[in-house]
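Chemist: Sharing data_13.tsv below, TSV, C-alpha atoms:
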chain	number	residue	atom	x	y	z
A	246	MET	CA	-6.31	20.57	-25.89
A	247	SER	CA	-9.19	22.23	-24.41
A	248	ARG	CA	-10.36	25.49	-25.66
A	249	LYS	CA	-12.34	28.00	-23.83
A	250	PRO	CA	-15.98	28.09	-24.74
A	251	GLU	CA	-17.03	31.10	-26.69
A	252	LEU	CA	-19.15	33.55	-24.86
A	253	LYS	CA	-22.27	34.99	-26.37
A	254	GLY	CA	-24.36	37.98	-25.65
A	255	ARG	CA	-23.86	39.99	-22.54
A	256	ALA	CA	-21.10	37.73	-21.25
A	257	ALA	CA	-19.11	38.35	-24.41
A	258	ARG	CA	-19.39	42.09	-23.99
A	259	LEU	CA	-18.23	41.87	-20.36
A	260	ALA	CA	-15.36	39.56	-21.29
A	261	ARG	CA	-14.06	42.14	-23.73
A	262	LEU	CA	-13.72	44.68	-20.90
A	263	PHE	CA	-11.29	42.42	-18.97
A	264	PRO	CA	-8.32	41.22	-20.93
A	265	ALA	CA	-7.83	37.48	-20.51
A	266	GLY	CA	-3.99	37.19	-20.29
A	267	ARG	CA	-3.27	40.07	-17.92
A	268	ALA	CA	-5.72	39.00	-15.19
A	269	GLN	CA	-3.55	36.12	-14.15
A	270	ALA	CA	-0.35	38.17	-14.34
A	271	ALA	CA	-1.73	41.08	-12.25
A	272	ARG	CA	-2.87	38.77	-9.45
A	273	THR	CA	0.58	37.18	-8.79
A	274	PRO	CA	2.46	40.30	-7.55
A	275	PHE	CA	-0.44	41.20	-5.27
A	276	VAL	CA	-0.46	37.74	-3.68
A	277	LEU	CA	3.32	37.87	-3.21
A	278	LEU	CA	3.04	41.31	-1.60
A	279	VAL	CA	0.37	40.11	0.82
A	280	VAL	CA	2.39	36.98	1.72
A	281	LEU	CA	5.54	39.07	2.31
A	282	LEU	CA	3.66	41.56	4.48
A	283	LEU	CA	2.11	38.81	6.59
A	284	GLY	CA	5.46	37.01	6.94
A	285	GLY	CA	7.25	40.24	7.84
A	286	GLY	CA	4.58	41.07	10.39
A	287	LEU	CA	4.87	37.64	12.02
A	288	ILE	CA	8.67	37.88	12.15
A	289	GLY	CA	8.38	41.41	13.61
A	290	LEU	CA	6.00	40.16	16.31
A	291	LEU	CA	8.37	37.30	17.12
A	292	VAL	CA	11.33	39.71	17.51
A	293	LEU	CA	9.25	42.12	19.60
A	294	ASN	CA	8.02	39.31	21.85
A	295	SER	CA	11.59	38.04	22.34
A	296	ALA	CA	12.85	41.52	23.23
A	297	LEU	CA	10.04	42.02	25.74
A	298	SER	CA	10.67	38.69	27.46
A	299	GLU	CA	14.43	39.39	27.56
A	300	GLY	CA	13.65	42.77	29.17
A	301	SER	CA	11.38	41.15	31.73
A	302	PHE	CA	14.11	38.66	32.69
A	303	GLU	CA	16.61	41.50	33.04
A	304	LEU	CA	14.11	43.45	35.14
A	305	ALA	CA	13.60	40.45	37.44
A	306	ASP	CA	17.40	40.09	37.85
A	307	LEU	CA	17.78	43.80	38.65
A	308	GLU	CA	14.94	43.65	41.19
A	309	LYS	CA	16.59	40.65	42.87
A	310	ARG	CA	19.96	42.46	42.94
A	311	THR	CA	18.29	45.60	44.35
A	312	LYS	CA	16.69	43.53	47.12
A	313	ASN	CA	20.04	41.92	48.00
A	314	LEU	CA	21.79	45.30	48.08
A	315	THR	CA	19.02	46.78	50.22
A	316	ASP	CA	19.35	43.88	52.68
A	317	GLU	CA	23.12	44.39	52.79
A	318	GLU	CA	22.68	48.13	53.38
A	319	GLN	CA	20.29	47.46	56.26
A	320	ALA	CA	22.71	44.96	57.82
A	321	LEU	CA	25.57	47.47	57.57
A	322	GLN	CA	23.38	50.20	59.09
A	323	ARG	CA	22.56	47.86	62.01
A	324	ASP	CA	26.31	47.29	62.52
A	325	ILE	CA	26.95	51.05	62.49
A	326	ASP	CA	24.15	51.62	64.98
A	327	ALA	CA	25.52	48.87	67.25
A	328	TYR	CA	29.08	50.30	67.14
A	329	SER	CA	27.95	53.88	67.73
A	330	SER	CA	25.66	53.19	70.70
A	331	PRO	CA	26.85	54.81	73.96
A	332	ASP	CA	27.33	51.46	75.70
A	333	ALA	CA	29.48	50.09	72.87
A	334	LEU	CA	31.56	53.28	72.70
A	335	GLN	CA	32.15	53.19	76.47
A	336	ARG	CA	33.12	49.50	76.38
A	337	ARG	CA	35.57	50.00	73.51
A	338	ALA	CA	37.07	53.09	75.18
A	339	ARG	CA	37.70	51.08	78.36
A	340	GLU	CA	39.29	48.28	76.29
A	341	LEU	CA	41.67	50.87	74.85
A	342	GLY	CA	42.61	52.03	78.36
A	343	MET	CA	40.65	55.29	78.26
A	344	VAL	CA	39.09	56.62	81.45
A	345	PRO	CA	36.35	59.22	81.92
A	346	GLY	CA	37.70	62.75	82.22
A	347	GLY	CA	36.70	65.35	84.78
A	348	ASP	CA	35.24	68.77	84.22
A	349	PRO	CA	37.25	70.69	81.60
A	350	ALA	CA	38.83	74.09	81.95
A	351	PHE	CA	39.10	76.42	78.96
A	352	LEU	CA	41.87	78.81	78.00
A	353	GLY	CA	40.88	82.17	76.59
A	354	PRO	CA	42.78	83.90	73.77
A	355	ASP	CA	44.51	86.11	76.33
A	356	GLY	CA	45.73	83.10	78.37
A	357	THR	CA	43.14	83.29	81.16
A	358	VAL	CA	41.69	80.06	82.51
A	359	LYS	CA	37.91	79.83	82.47
A	360	GLY	CA	36.35	77.25	84.79
A	361	VAL	CA	37.87	74.92	87.32
A	362	PRO	CA	39.28	71.63	86.08
A	363	GLY	CA	37.79	68.53	87.70
A	364	VAL	CA	39.61	65.65	89.24
A	365	ALA	CA	42.28	64.23	86.98
A	366	ALA	CA	41.68	60.77	85.60
A	367	PRO	CA	43.33	57.95	87.55
A	368	GLU	CA	46.62	56.78	86.16
A	369	PRO	CA	46.31	53.40	84.40
A	370	ALA	CA	48.35	50.51	85.77
A	371	ALA	CA	50.18	49.88	82.52
A	372	LEU	CA	50.65	51.91	79.39
A	373	MET	CA	48.93	50.48	76.33
A	374	ALA	CA	51.24	52.06	73.72
A	375	PRO	CA	54.05	50.11	72.09
A	376	ALA	CA	57.62	51.18	72.80
A	377	GLY	CA	58.59	53.95	70.43
A	378	PRO	CA	61.67	56.04	69.74
A	379	GLY	CA	60.83	58.72	72.32
A	380	PRO	CA	60.35	58.44	76.07
A	381	LEU	CA	56.92	57.37	77.28
A	382	THR	CA	55.07	59.62	79.66
A	383	PRO	CA	52.50	58.46	82.21
A	384	ALA	CA	48.89	59.29	81.49
A	385	GLY	CA	48.68	61.54	84.55
A	386	ALA	CA	51.21	63.91	82.96
A	387	LEU	CA	48.76	64.56	80.13
A	388	SER	CA	45.95	65.75	82.44
A	389	THR	CA	44.04	68.99	81.92
A	390	ALA	CA	45.37	70.64	85.07
A	391	PRO	CA	46.90	74.08	84.47
A	392	PRO	CA	50.68	74.01	84.15
A	393	VAL	CA	52.62	74.88	87.25
A	394	ALA	CA	55.76	76.95	86.83
A	395	PRO	CA	58.84	75.27	88.28
A	396	ALA	CA	60.36	76.87	91.30
A	397	PRO	CA	63.35	78.99	90.35
A	398	THR	CA	66.67	77.54	91.35
A	399	ALA	CA	69.86	79.50	91.37
A	400	PRO	CA	69.99	82.46	88.99
A	401	PRO	CA	71.84	81.63	85.81
A	402	GLN	CA	75.45	82.70	85.80
A	403	PRO	CA	77.57	83.24	82.75
A	404	PRO	CA	79.68	80.20	82.04
A	405	ASP	CA	83.27	80.49	83.07
A	406	ASP	CA	84.27	77.65	80.82
A	407	PRO	CA	83.66	78.48	77.12
A	408	ALA	CA	83.83	74.78	76.23
A	409	ALA	CA	80.87	73.95	78.46
A	410	ALA	CA	77.82	73.03	76.45
A	411	PRO	CA	74.46	74.70	77.18
A	412	PRO	CA	71.98	72.52	79.05
A	413	ALA	CA	69.74	70.27	76.98
A	414	PRO	CA	66.15	71.45	76.50
A	415	PRO	CA	63.54	69.62	78.59
A	416	ALA	CA	61.87	66.59	77.05
A	417	THR	CA	58.57	67.36	75.30
A	418	LEU	CA	55.43	65.34	75.87
A	419	GLN	CA	54.55	63.06	72.99
A	420	PRO	CA	51.02	61.78	72.46
A	421	ILE	CA	50.52	58.06	72.78
A	422	PRO	CA	49.25	56.65	69.46
A	423	THR	CA	46.09	54.62	69.72
A	424	PRO	CA	44.72	52.36	67.00
A	425	THR	CA	41.58	53.54	65.25
A	426	PRO	CA	39.10	50.70	64.78
A	427	GLY	CA	37.83	50.20	61.25
A	428	ARG	CA	40.72	51.92	59.49
Starting from the file, give its structure as structure tokens.
Modeler:
Amino acid sequence: MSRKPELKGRAARLARLFPAGRAQAARTPFVLLVVLLLGGGLIGLLVLNSALSEGSFELADLEKRTKNLTDEEQALQRDIDAYSSPDALQRRARELGMVPGGDPAFLGPDGTVKGVPGVAAPEPAALMAPAGPGPLTPAGALSTAPPVAPAPTAPPQPPDDPAAAPPAPPATLQPIPTPTPGR
């Protein structure tokens, strides 16, 4: 077994200041602490780097989705603009059997007519509405011309026959339903 050489002089005095057995024992926890800190730091950097790259991939996906949605929005806006242009509206109205109207007349709250109605729209050759439960009226009957009172016939006389039923009320005009595109 090897023994440590004995120190003499100044070296011996300095050796007495540092205990021999504890020097080795004090160094081990410090080295372990440094190794653990370096390892923890490297693992922390690895986790941080992974999170940042995952975030950048998610950001790229969201940017791509935003671009696709923006393109779709622009395409839909072009469709809306095409459908709402005056030429397209006029063409679709003619396909539905609509005709341009004349100059309108307005009714005041007291029943007076303001303005002179223009020429009534020409009557279409065939009605576009499907057969419904009520009677169909021609399009000319729905014009904006002021109503004309019917000429009086014979004055009403009290019925001699109590079993006679009163006359049926006149048929009312029913609007013709038209399909609404896009709904």
Chemist: Between CA of Arg337 (chain A) and CA of Ala350 (chain A), what distance in Å does the model show, to one decimal?
Modeler: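 Here the two named atoms are 25.7 Å from each other.
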Chemist: Interatomic distance between CA of Val361 (chain A) and CA of Asp348 (chain A)?
Modeler: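 That distance, rounded to one decimal, is 7.4 Å.
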Chemist: Could you work out how far CA of Pro274 (chain A) lies from CA of Arg258 (chain A), giving the answer in Å with one decimal?
Modeler: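 Rounded to one decimal, the two atoms are 27.4 Å apart.
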Chemist: Which residue out of A:Gly363, A:Pro331, A:Pro250, A:Gly285 has the minimum interatomic distance to Pro349 (chain A) when all atoms listed in the file are used?
Modeler: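 Looking at the shortest contact to Pro349 (chain A), the residue is A:Gly363.
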Chemist: All heavy atoms are needed for region 299-310 of chain A; please write them out as a PDB file, in the coordinates of the input.
Modeler:
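The file below, rebuild_21.pdb, is the result:
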ATOM      1  N   GLU A 299      13.048  39.179  27.099  1.00  0.00           N
ATOM      2  CA  GLU A 299      14.430  39.390  27.560  1.00  0.00           C
ATOM      3  C   GLU A 299      14.466  40.560  28.553  1.00  0.00           C
ATOM      4  O   GLU A 299      15.138  40.490  29.581  1.00  0.00           O
ATOM      5  CB  GLU A 299      15.338  39.676  26.384  1.00  0.00           C
ATOM      6  CG  GLU A 299      16.785  39.907  26.773  1.00  0.00           C
ATOM      7  CD  GLU A 299      17.661  40.240  25.579  1.00  0.00           C
ATOM      8  OE1 GLU A 299      17.244  39.990  24.436  1.00  0.00           O
ATOM      9  OE2 GLU A 299      18.756  40.763  25.805  1.00  0.00           O
ATOM     10  N   GLY A 300      13.723  41.623  28.254  1.00  0.00           N
ATOM     11  CA  GLY A 300      13.650  42.770  29.170  1.00  0.00           C
ATOM     12  C   GLY A 300      13.020  42.403  30.487  1.00  0.00           C
ATOM     13  O   GLY A 300      13.446  42.880  31.540  1.00  0.00           O
ATOM     14  N   SER A 301      12.009  41.537  30.470  1.00  0.00           N
ATOM     15  CA  SER A 301      11.380  41.150  31.730  1.00  0.00           C
ATOM     16  C   SER A 301      12.315  40.285  32.576  1.00  0.00           C
ATOM     17  O   SER A 301      12.342  40.410  33.799  1.00  0.00           O
ATOM     18  CB  SER A 301      10.058  40.417  31.471  1.00  0.00           C
ATOM     19  OG  SER A 301      10.298  39.170  30.866  1.00  0.00           O
ATOM     20  N   PHE A 302      13.134  39.434  31.936  1.00  0.00           N
ATOM     21  CA  PHE A 302      14.110  38.660  32.690  1.00  0.00           C
ATOM     22  C   PHE A 302      15.167  39.573  33.298  1.00  0.00           C
ATOM     23  O   PHE A 302      15.574  39.397  34.447  1.00  0.00           O
ATOM     24  CB  PHE A 302      14.788  37.611  31.800  1.00  0.00           C
ATOM     25  CG  PHE A 302      13.932  36.410  31.507  1.00  0.00           C
ATOM     26  CD1 PHE A 302      13.724  36.001  30.199  1.00  0.00           C
ATOM     27  CD2 PHE A 302      13.340  35.698  32.531  1.00  0.00           C
ATOM     28  CE1 PHE A 302      12.942  34.902  29.923  1.00  0.00           C
ATOM     29  CE2 PHE A 302      12.549  34.601  32.265  1.00  0.00           C
ATOM     30  CZ  PHE A 302      12.346  34.194  30.958  1.00  0.00           C
ATOM     31  N   GLU A 303      15.613  40.551  32.524  1.00  0.00           N
ATOM     32  CA  GLU A 303      16.610  41.500  33.040  1.00  0.00           C
ATOM     33  C   GLU A 303      16.023  42.314  34.185  1.00  0.00           C
ATOM     34  O   GLU A 303      16.697  42.560  35.187  1.00  0.00           O
ATOM     35  CB  GLU A 303      17.066  42.414  31.909  1.00  0.00           C
ATOM     36  CG  GLU A 303      18.186  43.357  32.303  1.00  0.00           C
ATOM     37  CD  GLU A 303      18.675  44.189  31.126  1.00  0.00           C
ATOM     38  OE1 GLU A 303      18.361  43.855  29.973  1.00  0.00           O
ATOM     39  OE2 GLU A 303      19.376  45.175  31.383  1.00  0.00           O
ATOM     40  N   LEU A 304      14.772  42.715  34.076  1.00  0.00           N
ATOM     41  CA  LEU A 304      14.110  43.450  35.140  1.00  0.00           C
ATOM     42  C   LEU A 304      14.017  42.613  36.404  1.00  0.00           C
ATOM     43  O   LEU A 304      14.266  43.113  37.511  1.00  0.00           O
ATOM     44  CB  LEU A 304      12.713  43.892  34.681  1.00  0.00           C
ATOM     45  CG  LEU A 304      11.872  44.657  35.693  1.00  0.00           C
ATOM     46  CD1 LEU A 304      12.532  45.988  36.020  1.00  0.00           C
ATOM     47  CD2 LEU A 304      10.468  44.877  35.156  1.00  0.00           C
ATOM     48  N   ALA A 305      13.676  41.332  36.263  1.00  0.00           N
ATOM     49  CA  ALA A 305      13.600  40.450  37.440  1.00  0.00           C
ATOM     50  C   ALA A 305      14.977  40.302  38.096  1.00  0.00           C
ATOM     51  O   ALA A 305      15.091  40.328  39.327  1.00  0.00           O
ATOM     52  CB  ALA A 305      13.064  39.091  37.026  1.00  0.00           C
ATOM     53  N   ASP A 306      16.044  40.191  37.282  1.00  0.00           N
ATOM     54  CA  ASP A 306      17.400  40.090  37.850  1.00  0.00           C
ATOM     55  C   ASP A 306      17.781  41.371  38.585  1.00  0.00           C
ATOM     56  O   ASP A 306      18.365  41.326  39.670  1.00  0.00           O
ATOM     57  CB  ASP A 306      18.415  39.811  36.734  1.00  0.00           C
ATOM     58  CG  ASP A 306      18.314  38.393  36.190  1.00  0.00           C
ATOM     59  OD1 ASP A 306      17.706  37.534  36.868  1.00  0.00           O
ATOM     60  OD2 ASP A 306      18.833  38.149  35.078  1.00  0.00           O
ATOM     61  N   LEU A 307      17.452  42.528  38.001  1.00  0.00           N
ATOM     62  CA  LEU A 307      17.780  43.800  38.650  1.00  0.00           C
ATOM     63  C   LEU A 307      16.992  43.989  39.942  1.00  0.00           C
ATOM     64  O   LEU A 307      17.516  44.519  40.917  1.00  0.00           O
ATOM     65  CB  LEU A 307      17.535  44.960  37.689  1.00  0.00           C
ATOM     66  CG  LEU A 307      18.511  45.070  36.517  1.00  0.00           C
ATOM     67  CD1 LEU A 307      18.085  46.183  35.569  1.00  0.00           C
ATOM     68  CD2 LEU A 307      19.924  45.301  37.009  1.00  0.00           C
ATOM     69  N   GLU A 308      15.734  43.557  39.963  1.00  0.00           N
ATOM     70  CA  GLU A 308      14.940  43.650  41.190  1.00  0.00           C
ATOM     71  C   GLU A 308      15.527  42.761  42.277  1.00  0.00           C
ATOM     72  O   GLU A 308      15.597  43.148  43.446  1.00  0.00           O
ATOM     73  CB  GLU A 308      13.487  43.276  40.910  1.00  0.00           C
ATOM     74  CG  GLU A 308      12.714  44.343  40.162  1.00  0.00           C
ATOM     75  CD  GLU A 308      11.309  43.897  39.779  1.00  0.00           C
ATOM     76  OE1 GLU A 308      11.001  42.681  39.892  1.00  0.00           O
ATOM     77  OE2 GLU A 308      10.522  44.760  39.358  1.00  0.00           O
ATOM     78  N   LYS A 309      15.973  41.560  41.895  1.00  0.00           N
ATOM     79  CA  LYS A 309      16.590  40.650  42.870  1.00  0.00           C
ATOM     80  C   LYS A 309      17.891  41.258  43.404  1.00  0.00           C
ATOM     81  O   LYS A 309      18.153  41.215  44.617  1.00  0.00           O
ATOM     82  CB  LYS A 309      16.860  39.303  42.203  1.00  0.00           C
ATOM     83  CG  LYS A 309      17.404  38.252  43.126  1.00  0.00           C
ATOM     84  CD  LYS A 309      17.588  36.929  42.391  1.00  0.00           C
ATOM     85  CE  LYS A 309      18.147  35.861  43.303  1.00  0.00           C
ATOM     86  NZ  LYS A 309      18.360  34.606  42.595  1.00  0.00           N
ATOM     87  N   ARG A 310      18.691  41.842  42.512  1.00  0.00           N
ATOM     88  CA  ARG A 310      19.960  42.460  42.940  1.00  0.00           C
ATOM     89  C   ARG A 310      19.681  43.657  43.851  1.00  0.00           C
ATOM     90  O   ARG A 310      20.380  43.872  44.840  1.00  0.00           O
ATOM     91  CB  ARG A 310      20.744  42.888  41.716  1.00  0.00           C
ATOM     92  CG  ARG A 310      22.090  43.443  42.048  1.00  0.00           C
ATOM     93  CD  ARG A 310      22.920  43.658  40.802  1.00  0.00           C
ATOM     94  NE  ARG A 310      24.191  44.239  41.171  1.00  0.00           N
ATOM     95  CZ  ARG A 310      24.833  45.137  40.460  1.00  0.00           C
ATOM     96  NH1 ARG A 310      24.353  45.506  39.299  1.00  0.00           N
ATOM     97  NH2 ARG A 310      25.971  45.633  40.865  1.00  0.00           N
TER      98      ARG A 310
END
